[in-house]
$ cat entry26.cif   # mmCIF, C-alpha atoms
data_structure
loop_
_atom_site.group_PDB
_atom_site.id
_atom_site.type_symbol
_atom_site.label_atom_id
_atom_site.label_comp_id
_atom_site.auth_asym_id
_atom_site.auth_seq_id
_atom_site.Cartn_x
_atom_site.Cartn_y
_atom_site.Cartn_z
ATOM 1 C CA MET U 1 4.646 -23.725 27.870
ATOM 2 C CA GLU U 2 3.228 -21.087 25.512
ATOM 3 C CA LYS U 3 4.831 -21.251 22.041
ATOM 4 C CA THR U 4 3.794 -19.473 18.862
ATOM 5 C CA LEU U 5 4.171 -20.474 15.234
ATOM 6 C CA LEU U 6 4.572 -17.390 13.051
ATOM 7 C CA VAL U 7 3.598 -18.249 9.466
ATOM 8 C CA MET U 8 4.997 -16.042 6.718
ATOM 9 C CA ALA U 9 2.180 -15.785 4.193
ATOM 10 C CA ALA U 10 2.386 -12.246 2.821
ATOM 11 C CA GLY U 11 4.291 -13.176 -0.344
ATOM 12 C CA MET U 12 2.837 -14.389 -3.595
ATOM 13 C CA GLY U 13 4.533 -17.261 -5.458
ATOM 14 C CA SER U 14 5.941 -15.401 -8.464
ATOM 15 C CA ARG U 15 7.456 -18.429 -10.212
ATOM 16 C CA PHE U 16 4.553 -20.764 -9.431
ATOM 17 C CA GLY U 17 1.871 -18.130 -10.060
ATOM 18 C CA GLY U 18 -1.116 -17.404 -7.843
ATOM 19 C CA LEU U 19 -1.664 -17.736 -4.128
ATOM 20 C CA LYS U 20 0.016 -21.096 -3.634
ATOM 21 C CA GLN U 21 -0.626 -21.085 0.123
ATOM 22 C CA ILE U 22 -4.192 -22.222 -0.669
ATOM 23 C CA GLU U 23 -3.365 -24.738 -3.377
ATOM 24 C CA PRO U 24 -5.063 -28.091 -2.492
ATOM 25 C CA LEU U 25 -2.330 -30.739 -2.357
ATOM 26 C CA GLY U 26 -3.287 -33.342 0.251
ATOM 27 C CA PRO U 27 -5.455 -36.445 -0.391
ATOM 28 C CA HIS U 28 -8.557 -34.583 0.801
ATOM 29 C CA GLY U 29 -7.740 -31.113 -0.462
ATOM 30 C CA GLU U 30 -5.407 -30.130 2.379
ATOM 31 C CA PHE U 31 -3.098 -27.141 1.949
ATOM 32 C CA LEU U 32 0.567 -27.242 2.953
ATOM 33 C CA ILE U 33 -0.356 -24.815 5.749
ATOM 34 C CA ASP U 34 -2.718 -27.456 7.159
ATOM 35 C CA TYR U 35 0.212 -29.822 7.663
ATOM 36 C CA SER U 36 2.319 -27.101 9.282
ATOM 37 C CA ILE U 37 -0.390 -26.220 11.800
ATOM 38 C CA TYR U 38 -1.188 -29.879 12.440
ATOM 39 C CA ASP U 39 2.466 -30.764 13.082
ATOM 40 C CA ALA U 40 2.972 -27.670 15.236
ATOM 41 C CA LYS U 41 -0.024 -28.449 17.442
ATOM 42 C CA GLU U 42 1.052 -32.073 17.792
ATOM 43 C CA ALA U 43 4.485 -30.837 18.895
ATOM 44 C CA GLY U 44 3.098 -28.501 21.564
ATOM 45 C CA PHE U 45 2.695 -25.109 19.912
ATOM 46 C CA THR U 46 -0.220 -23.192 21.435
ATOM 47 C CA LYS U 47 -0.849 -20.345 18.973
ATOM 48 C CA VAL U 48 -0.463 -19.546 15.289
ATOM 49 C CA VAL U 49 -0.044 -16.060 13.850
ATOM 50 C CA PHE U 50 -0.441 -15.606 10.110
ATOM 51 C CA ILE U 51 1.379 -12.708 8.466
ATOM 52 C CA ILE U 52 -0.626 -11.819 5.355
ATOM 53 C CA LYS U 53 -1.454 -8.998 3.006
ATOM 54 C CA GLU U 54 -4.542 -7.155 4.151
ATOM 55 C CA GLU U 55 -6.266 -7.744 0.811
ATOM 56 C CA ASN U 56 -5.902 -11.522 1.324
ATOM 57 C CA TYR U 57 -7.514 -11.526 4.774
ATOM 58 C CA GLN U 58 -10.985 -12.661 3.722
ATOM 59 C CA THR U 59 -9.580 -15.446 1.537
ATOM 60 C CA PHE U 60 -7.402 -16.706 4.388
ATOM 61 C CA LYS U 61 -10.205 -16.422 6.913
ATOM 62 C CA GLU U 62 -12.639 -18.375 4.751
ATOM 63 C CA THR U 63 -10.210 -21.134 3.809
ATOM 64 C CA ILE U 64 -7.307 -21.660 6.192
ATOM 65 C CA GLY U 65 -8.872 -19.870 9.143
ATOM 66 C CA LYS U 66 -12.028 -21.941 9.266
ATOM 67 C CA ARG U 67 -9.955 -25.124 9.227
ATOM 68 C CA VAL U 68 -7.532 -24.338 12.048
ATOM 69 C CA GLU U 69 -9.318 -21.863 14.333
ATOM 70 C CA PRO U 70 -11.345 -24.595 16.125
ATOM 71 C CA TYR U 71 -8.121 -26.336 17.187
ATOM 72 C CA ILE U 72 -5.524 -23.682 17.988
ATOM 73 C CA LYS U 73 -5.534 -20.007 18.947
ATOM 74 C CA THR U 74 -5.252 -18.130 15.662
ATOM 75 C CA GLU U 75 -4.396 -14.503 14.949
ATOM 76 C CA TYR U 76 -3.725 -12.476 11.826
ATOM 77 C CA VAL U 77 -1.197 -9.703 11.197
ATOM 78 C CA PHE U 78 -0.972 -7.510 8.121
ATOM 79 C CA GLN U 79 2.384 -6.725 6.603
ATOM 80 C CA ASN U 80 2.030 -3.009 5.966
ATOM 81 C CA LEU U 81 3.903 0.242 6.537
ATOM 82 C CA ASP U 82 2.442 1.092 9.955
ATOM 83 C CA ASN U 83 5.808 0.463 11.645
ATOM 84 C CA ILE U 84 7.799 2.513 9.100
ATOM 85 C CA PRO U 85 8.921 6.034 10.172
ATOM 86 C CA GLU U 86 6.979 8.757 8.373
ATOM 87 C CA ASN U 87 10.014 10.166 6.561
ATOM 88 C CA TYR U 88 10.487 6.843 4.734
ATOM 89 C CA LYS U 89 6.845 6.062 3.925
ATOM 90 C CA THR U 90 6.771 8.394 0.931
ATOM 91 C CA LEU U 91 9.753 6.525 -0.510
ATOM 92 C CA LEU U 92 7.793 3.268 -0.264
ATOM 93 C CA LYS U 93 4.411 4.472 -1.516
ATOM 94 C CA ASP U 94 4.798 2.927 -4.983
ATOM 95 C CA ARG U 95 6.294 -0.360 -3.800
ATOM 96 C CA ILE U 96 4.179 -3.432 -4.608
ATOM 97 C CA LYS U 97 6.235 -6.306 -3.172
ATOM 98 C CA PRO U 98 6.346 -6.746 0.647
ATOM 99 C CA LEU U 99 9.442 -5.239 2.273
ATOM 100 C CA GLY U 100 10.928 -8.606 3.245
ATOM 101 C CA THR U 101 10.853 -11.365 5.841
ATOM 102 C CA ALA U 102 12.545 -9.403 8.637
ATOM 103 C CA HIS U 103 9.970 -6.636 8.244
ATOM 104 C CA ALA U 104 7.167 -9.217 8.227
ATOM 105 C CA ILE U 105 8.346 -10.614 11.568
ATOM 106 C CA LEU U 106 8.483 -7.122 13.062
ATOM 107 C CA CYS U 107 4.852 -6.585 12.037
ATOM 108 C CA ALA U 108 3.893 -9.358 14.505
ATOM 109 C CA LYS U 109 5.564 -7.663 17.482
ATOM 110 C CA ASP U 110 2.327 -6.820 19.309
ATOM 111 C CA LYS U 111 0.971 -10.370 18.961
ATOM 112 C CA ILE U 112 3.915 -12.328 20.389
ATOM 113 C CA ASN U 113 5.196 -12.287 23.979
ATOM 114 C CA GLU U 114 6.515 -15.846 24.125
ATOM 115 C CA PRO U 115 9.156 -17.965 22.349
ATOM 116 C CA PHE U 116 8.252 -18.462 18.711
ATOM 117 C CA ALA U 117 9.193 -20.153 15.460
ATOM 118 C CA ILE U 118 8.881 -18.750 11.964
ATOM 119 C CA VAL U 119 8.074 -20.838 8.882
ATOM 120 C CA ASN U 120 7.094 -20.169 5.286
ATOM 121 C CA ALA U 121 3.420 -20.749 4.495
ATOM 122 C CA ASP U 122 4.122 -22.631 1.286
ATOM 123 C CA ASP U 123 6.685 -25.097 2.668
ATOM 124 C CA PHE U 124 6.187 -28.569 4.139
ATOM 125 C CA TYR U 125 8.753 -29.081 6.908
ATOM 126 C CA GLY U 126 7.846 -32.477 8.393
ATOM 127 C CA SER U 127 6.838 -33.487 11.916
ATOM 128 C CA ASP U 128 10.396 -34.183 13.132
ATOM 129 C CA ALA U 129 11.297 -30.551 12.510
ATOM 130 C CA TYR U 130 8.379 -29.272 14.601
ATOM 131 C CA PHE U 131 9.097 -31.584 17.535
ATOM 132 C CA LYS U 132 12.746 -30.507 17.576
ATOM 133 C CA ALA U 133 11.722 -26.850 17.321
ATOM 134 C CA SER U 134 9.229 -27.177 20.167
ATOM 135 C CA SER U 135 11.761 -28.915 22.418
ATOM 136 C CA TYR U 136 14.345 -26.212 21.745
ATOM 137 C CA LEU U 137 11.873 -23.398 22.457
ATOM 138 C CA ASP U 138 11.119 -24.921 25.868
ATOM 139 C CA ASN U 139 14.632 -23.914 26.989
ATOM 140 C CA ILE U 140 15.540 -21.051 24.648
ATOM 141 C CA ALA U 141 17.605 -18.173 26.073
ATOM 142 C CA SER U 142 16.938 -14.500 25.356
ATOM 143 C CA ASN U 143 19.531 -13.840 22.631
ATOM 144 C CA HIS U 144 20.429 -17.444 21.927
ATOM 145 C CA TYR U 145 18.341 -18.442 18.909
ATOM 146 C CA GLY U 146 17.888 -21.618 16.874
ATOM 147 C CA LEU U 147 17.771 -22.763 13.253
ATOM 148 C CA ILE U 148 16.182 -25.999 12.075
ATOM 149 C CA ALA U 149 18.637 -27.300 9.488
ATOM 150 C CA TYR U 150 18.029 -29.696 6.604
ATOM 151 C CA ARG U 151 20.312 -31.774 4.438
ATOM 152 C CA LEU U 152 20.469 -29.962 1.108
ATOM 153 C CA GLY U 153 19.596 -33.116 -0.820
ATOM 154 C CA ASN U 154 16.307 -33.357 1.095
ATOM 155 C CA THR U 155 15.218 -29.941 -0.175
ATOM 156 C CA LEU U 156 15.994 -29.911 -3.888
ATOM 157 C CA THR U 157 13.573 -29.738 -6.792
ATOM 158 C CA PRO U 158 14.376 -31.699 -9.967
ATOM 159 C CA ASN U 159 12.822 -28.929 -12.038
ATOM 160 C CA GLY U 160 15.419 -26.179 -11.778
ATOM 161 C CA SER U 161 17.391 -24.037 -9.396
ATOM 162 C CA ALA U 162 16.136 -22.986 -5.962
ATOM 163 C CA LYS U 163 17.138 -20.515 -3.274
ATOM 164 C CA ARG U 164 18.711 -22.049 -0.174
ATOM 165 C CA GLY U 165 20.659 -20.741 2.807
ATOM 166 C CA ILE U 166 23.945 -22.657 2.999
ATOM 167 C CA CYS U 167 24.972 -22.933 6.665
ATOM 168 C CA LYS U 168 28.500 -22.474 7.939
ATOM 169 C CA VAL U 169 28.628 -24.278 11.280
ATOM 170 C CA ASN U 170 31.116 -24.407 14.172
ATOM 171 C CA GLU U 171 32.155 -27.641 15.868
ATOM 172 C CA ASP U 172 29.761 -26.789 18.712
ATOM 173 C CA ASN U 173 26.867 -26.670 16.202
ATOM 174 C CA THR U 174 26.487 -22.909 16.310
ATOM 175 C CA LEU U 175 26.014 -20.918 13.133
ATOM 176 C CA THR U 176 28.805 -18.725 11.819
ATOM 177 C CA ALA U 177 27.190 -17.583 8.555
ATOM 178 C CA LEU U 178 24.240 -18.080 6.217
ATOM 179 C CA ILE U 179 25.114 -17.899 2.534
ATOM 180 C CA GLU U 180 21.933 -17.161 0.576
ATOM 181 C CA SER U 181 22.444 -18.976 -2.707
ATOM 182 C CA SER U 182 20.918 -20.352 -5.876
ATOM 183 C CA VAL U 183 21.451 -24.131 -5.896
ATOM 184 C CA THR U 184 21.097 -26.701 -8.683
ATOM 185 C CA ARG U 185 21.661 -30.459 -8.527
ATOM 186 C CA VAL U 186 24.177 -31.682 -11.110
ATOM 187 C CA GLU U 187 24.478 -35.483 -10.936
ATOM 188 C CA ASP U 188 25.741 -36.360 -7.430
ATOM 189 C CA LYS U 189 26.838 -32.805 -6.542
ATOM 190 C CA VAL U 190 25.118 -29.460 -6.079
ATOM 191 C CA GLU U 191 26.209 -26.245 -7.770
ATOM 192 C CA VAL U 192 26.005 -23.249 -5.430
ATOM 193 C CA LYS U 193 25.882 -19.666 -6.692
ATOM 194 C CA PRO U 194 25.969 -17.220 -3.739
ATOM 195 C CA LEU U 195 23.545 -14.347 -4.255
ATOM 196 C CA ASP U 196 26.103 -11.829 -2.967
ATOM 197 C CA GLY U 197 28.219 -12.379 -6.084
ATOM 198 C CA SER U 198 30.850 -14.576 -4.428
ATOM 199 C CA PRO U 199 32.419 -17.287 -6.614
ATOM 200 C CA MET U 200 30.332 -20.346 -7.437
ATOM 201 C CA PHE U 201 31.285 -23.628 -5.775
ATOM 202 C CA THR U 202 30.064 -27.226 -5.603
ATOM 203 C CA THR U 203 28.980 -29.021 -2.479
ATOM 204 C CA SER U 204 27.540 -32.316 -1.262
ATOM 205 C CA PRO U 205 23.808 -33.101 -0.930
ATOM 206 C CA ASP U 206 24.593 -33.672 2.773
ATOM 207 C CA THR U 207 25.437 -29.977 3.255
ATOM 208 C CA THR U 208 23.424 -28.266 5.991
ATOM 209 C CA VAL U 209 20.930 -25.649 4.789
ATOM 210 C CA SER U 210 18.344 -23.302 6.246
ATOM 211 C CA MET U 211 14.765 -23.345 4.964
ATOM 212 C CA ASN U 212 13.708 -20.320 7.034
ATOM 213 C CA PHE U 213 12.524 -22.424 10.000
ATOM 214 C CA LEU U 214 13.975 -20.208 12.734
ATOM 215 C CA LEU U 215 13.494 -20.069 16.513
ATOM 216 C CA PHE U 216 13.429 -16.846 18.501
ATOM 217 C CA THR U 217 12.455 -15.062 21.680
ATOM 218 C CA PRO U 218 10.707 -11.661 21.660
ATOM 219 C CA SER U 219 14.142 -10.058 22.166
ATOM 220 C CA LEU U 220 14.399 -10.265 18.364
ATOM 221 C CA PHE U 221 11.884 -7.442 17.924
ATOM 222 C CA LYS U 222 14.150 -4.800 19.454
ATOM 223 C CA ILE U 223 16.976 -5.940 17.179
ATOM 224 C CA LEU U 224 14.696 -5.738 14.138
ATOM 225 C CA GLU U 225 13.517 -2.251 15.041
ATOM 226 C CA GLU U 226 17.084 -1.002 15.174
ATOM 227 C CA LYS U 227 18.171 -2.857 12.041
ATOM 228 C CA LEU U 228 15.152 -1.600 10.097
ATOM 229 C CA ILE U 229 16.181 2.017 10.541
ATOM 230 C CA THR U 230 19.681 1.197 9.327
ATOM 231 C CA PHE U 231 18.275 -0.685 6.347
ATOM 232 C CA LEU U 232 15.944 2.148 5.350
ATOM 233 C CA GLU U 233 18.685 4.754 5.601
ATOM 234 C CA GLU U 234 21.229 2.702 3.660
ATOM 235 C CA ASN U 235 18.710 1.966 0.889
ATOM 236 C CA LYS U 236 16.718 5.209 0.842
ATOM 237 C CA ASN U 237 17.653 5.837 -2.788
ATOM 238 C CA ASP U 238 16.329 2.466 -3.939
ATOM 239 C CA LEU U 239 13.466 1.288 -1.722
ATOM 240 C CA SER U 240 11.420 0.048 -4.661
ATOM 241 C CA SER U 241 13.015 -3.398 -4.831
ATOM 242 C CA CYS U 242 15.500 -4.046 -1.967
ATOM 243 C CA GLU U 243 14.409 -6.412 0.811
ATOM 244 C CA PHE U 244 14.851 -6.422 4.588
ATOM 245 C CA LEU U 245 15.522 -10.143 5.029
ATOM 246 C CA ILE U 246 15.896 -12.203 8.186
ATOM 247 C CA PRO U 247 18.959 -14.204 6.953
ATOM 248 C CA ILE U 248 20.819 -10.934 6.333
ATOM 249 C CA VAL U 249 19.826 -9.614 9.761
ATOM 250 C CA LEU U 250 21.033 -12.842 11.391
ATOM 251 C CA ASN U 251 24.353 -12.637 9.557
ATOM 252 C CA ASP U 252 24.809 -9.047 10.746
ATOM 253 C CA CYS U 253 23.980 -10.051 14.325
ATOM 254 C CA LEU U 254 26.451 -12.940 14.213
ATOM 255 C CA ASN U 255 29.187 -10.670 12.897
ATOM 256 C CA GLU U 256 28.444 -8.136 15.629
ATOM 257 C CA LYS U 257 28.241 -10.928 18.261
ATOM 258 C CA LEU U 258 24.778 -9.776 19.310
ATOM 259 C CA VAL U 259 23.309 -13.296 19.225
ATOM 260 C CA THR U 260 24.229 -16.967 19.037
ATOM 261 C CA VAL U 261 22.315 -19.313 16.728
ATOM 262 C CA ASP U 262 22.209 -23.060 17.438
ATOM 263 C CA VAL U 263 21.928 -25.328 14.399
ATOM 264 C CA ILE U 264 19.435 -28.130 15.053
ATOM 265 C CA GLU U 265 19.460 -30.814 12.367
ATOM 266 C CA THR U 266 16.294 -32.584 11.274
ATOM 267 C CA THR U 267 16.001 -35.832 9.354
ATOM 268 C CA ALA U 268 12.785 -34.598 7.737
ATOM 269 C CA THR U 269 12.370 -34.130 4.000
ATOM 270 C CA TRP U 270 11.211 -30.696 2.875
ATOM 271 C CA TYR U 271 8.546 -30.381 0.206
ATOM 272 C CA GLY U 272 7.369 -27.305 -1.634
ATOM 273 C CA ILE U 273 6.296 -25.943 -4.981
ATOM 274 C CA THR U 274 9.000 -23.794 -6.487
ATOM 275 C CA TYR U 275 7.808 -24.579 -10.013
ATOM 276 C CA LYS U 276 4.462 -25.789 -11.369
ATOM 277 C CA GLU U 277 6.119 -29.067 -12.277
ATOM 278 C CA ASP U 278 6.810 -29.728 -8.570
ATOM 279 C CA LYS U 279 3.119 -30.108 -7.760
ATOM 280 C CA ASP U 280 2.730 -33.748 -8.798
ATOM 281 C CA ASP U 281 5.708 -34.802 -6.655
ATOM 282 C CA VAL U 282 4.305 -33.000 -3.606
ATOM 283 C CA VAL U 283 0.851 -34.531 -4.079
ATOM 284 C CA LYS U 284 2.424 -37.996 -4.352
ATOM 285 C CA ALA U 285 4.560 -37.452 -1.220
ATOM 286 C CA LEU U 286 1.611 -36.276 0.885
ATOM 287 C CA GLY U 287 -0.450 -39.213 -0.333
ATOM 288 C CA SER U 288 2.314 -41.634 0.644
ATOM 289 C CA LEU U 289 2.679 -40.086 4.116
ATOM 290 C CA THR U 290 -1.068 -40.512 4.604
ATOM 291 C CA LYS U 291 -1.028 -44.141 3.456
ATOM 292 C CA GLU U 292 1.884 -44.817 5.818
ATOM 293 C CA GLY U 293 -0.176 -43.476 8.719
ATOM 294 C CA ILE U 294 2.040 -40.447 9.377
ATOM 295 C CA TYR U 295 -1.062 -38.326 8.768
ATOM 296 C CA LYS U 296 -4.705 -39.317 9.178
ATOM 297 C CA GLU U 297 -7.094 -39.413 6.260
ATOM 298 C CA ASN U 298 -9.074 -36.745 8.074
ATOM 299 C CA LEU U 299 -6.169 -34.505 9.017
ATOM 300 C CA TRP U 300 -8.009 -32.527 11.704
ATOM 301 C CA GLY U 301 -9.971 -35.443 13.096
ATOM 302 C CA ASP U 302 -7.438 -36.072 15.899
ATOM 303 C CA PHE U 303 -8.050 -32.838 17.758
ATOM 304 C CA ASN U 304 -11.033 -31.990 19.928
ATOM 305 C CA ASP U 305 -12.196 -28.463 20.682
#

$ encode --input "entry26.cif" --output "structure tokens"
Amino acid sequence: MEKTLLVMAAGMGSRFGGLKQIEPLGPHGEFLIDYSIYDAKEAGFTKVVFIIKEENYQTFKETIGKRVEPYIKTEYVFQNLDNIPENYKTLLKDRIKPLGTAHAILCAKDKINEPFAIVNADDFYGSDAYFKASSYLDNIASNHYGLIAYRLGNTLTPNGSAKRGICKVNEDNTLTALIESSVTRVEDKVEVKPLDGSPMFTTSPDTTVSMNFLLFTPSLFKILEEKLITFLEENKNDLSSCEFLIPIVLNDCLNEKLVTVDVIETTATWYGITYKEDKDDVVKALGSLTKEGIYKENLWGDFND
């Protein structure tokens, strides 16, 4: 079955500094994206689409592209204003930061006609997550989406707070809400500060969270087109900094009963570089996974053209 991995790579790592999607971290200079594409192909994904800034195209093509293109169908999409109605483009002309993750997904509309997953370019999700995602996409229904969920404790950095989507889940393992929050480990608990200004609370490291590994059908694009117009109109007086984000869109859709989202738990540990100090831990983890035989010394040596 045809399945696409949509990699969100248009953002720059503001806290880490630089283009962290091409930061060598593996034992032989692998990027985190290498592991994502490797795991996705192993799990049965047949295409990868990178969402990038147009000015980063050559860098991506010469680094990431040359690594993965021999092994999986690869396409590139630019996150730009081509899909923005003309009457709003002038309001966005001075904006520097991309418009948000929901807008980035919509930019890939013409490249995707099959079930697909989205992931962040600078996150390591683990092979278990990709196999569960691939299996779910084999039977996904039109407006019945999926979310690969992690245990909060498997996603935390020891070097400060991080942004996580706290999941509210029904007994039937469907999502009721995503609470975008700033989280910080404090001893054996986690402090959660919702970004919408709701009161802070504490929770367990076993709490289910979203790391933006989401599973969709192309029916999402029509929803995004409609929601984008609403977003632009509601924020037309302040389009310099607001963001059109996929967690907010999903929450709106859940409230309006437009979609159902299944929560699919993974036992995998997430790795990423939120702060510069995280790098050594990620390098050590990838080295250990290689020594354990989870990944080959030559990461791409398993696949033939």

$ resolve_selection --input "entry26.cif" --expression "the PyMOL selection byres ((chain U and resi 176) around 12)" --output "short mmCIF file (atom, residue, chain, number, x, y, z; two decimals) with C-alpha atoms, keeping the file's coordinate frame"
data_model
loop_
_atom_site.label_atom_id
_atom_site.label_comp_id
_atom_site.auth_asym_id
_atom_site.auth_seq_id
_atom_site.Cartn_x
_atom_site.Cartn_y
_atom_site.Cartn_z
CA LEU U 147 17.77 -22.76 13.25
CA ILE U 166 23.94 -22.66 3.00
CA CYS U 167 24.97 -22.93 6.66
CA LYS U 168 28.50 -22.47 7.94
CA VAL U 169 28.63 -24.28 11.28
CA ASN U 170 31.12 -24.41 14.17
CA GLU U 171 32.16 -27.64 15.87
CA ASP U 172 29.76 -26.79 18.71
CA ASN U 173 26.87 -26.67 16.20
CA THR U 174 26.49 -22.91 16.31
CA LEU U 175 26.01 -20.92 13.13
CA ALA U 177 27.19 -17.58 8.56
CA LEU U 178 24.24 -18.08 6.22
CA ILE U 179 25.11 -17.90 2.53
CA PRO U 247 18.96 -14.20 6.95
CA LEU U 250 21.03 -12.84 11.39
CA ASN U 251 24.35 -12.64 9.56
CA ASP U 252 24.81 -9.05 10.75
CA CYS U 253 23.98 -10.05 14.32
CA LEU U 254 26.45 -12.94 14.21
CA ASN U 255 29.19 -10.67 12.90
CA GLU U 256 28.44 -8.14 15.63
CA LYS U 257 28.24 -10.93 18.26
CA VAL U 259 23.31 -13.30 19.23
CA THR U 260 24.23 -16.97 19.04
CA VAL U 261 22.32 -19.31 16.73
CA ASP U 262 22.21 -23.06 17.44
CA VAL U 263 21.93 -25.33 14.40
#

$ atom_distance --input "entry26.cif" --atom1 "CA of Asn120 in chain U" --atom2 "CA of Asn237 in chain U"
29.2 Å

$ atom_distance --input "entry26.cif" --atom1 "CA of Tyr76 in chain U" --atom2 "CA of Val283 in chain U"
27.6 Å

$ resolve_selection --input "entry26.cif" --expression "the PyMOL selection byres ((chain U and resi 224) around 9)" --output "list in words"
Ala102, His103, Ile105, Leu106, Leu220, Phe221, Lys222, Ile223, Glu225, Glu226, Lys227, Leu228, Ile229, Ile246 and Val249 of chain U

$ residues_around --input "entry26.cif" --residues "range 293-300 of chain U" --least-positions-apart "2" --cutoff "12 Å" --atoms "only C-alpha atoms" --output "PyMOL selection string"
chain U and resi 26-39+41-42+66-72+126-128+285-291+302-305

$ closest_residue --input "entry26.cif" --among "U:Gly165, U:Gly272, U:Gly146, U:Gly100" --to "Glu23 in chain U" --atoms "only C-alpha atoms"
U:Gly272

$ atom_distance --input "entry26.cif" --atom1 "CA of Lys61 in chain U" --atom2 "CA of Tyr271 in chain U"
24.3 Å

$ resolve_selection --input "entry26.cif" --expression "the PyMOL selection byres ((chain U and resi 129-138) around 8)" --output "list in words"
Met1, Lys3, Asp39, Ala40, Ala43, Gly44, Phe45, Pro115, Phe116, Ala117, Tyr125, Gly126, Ser127, Asp128, Asn139, Ile140, Gly146, Ile148, Leu215, Phe216, Ile264, Thr266, Thr267 and Ala268 of chain U
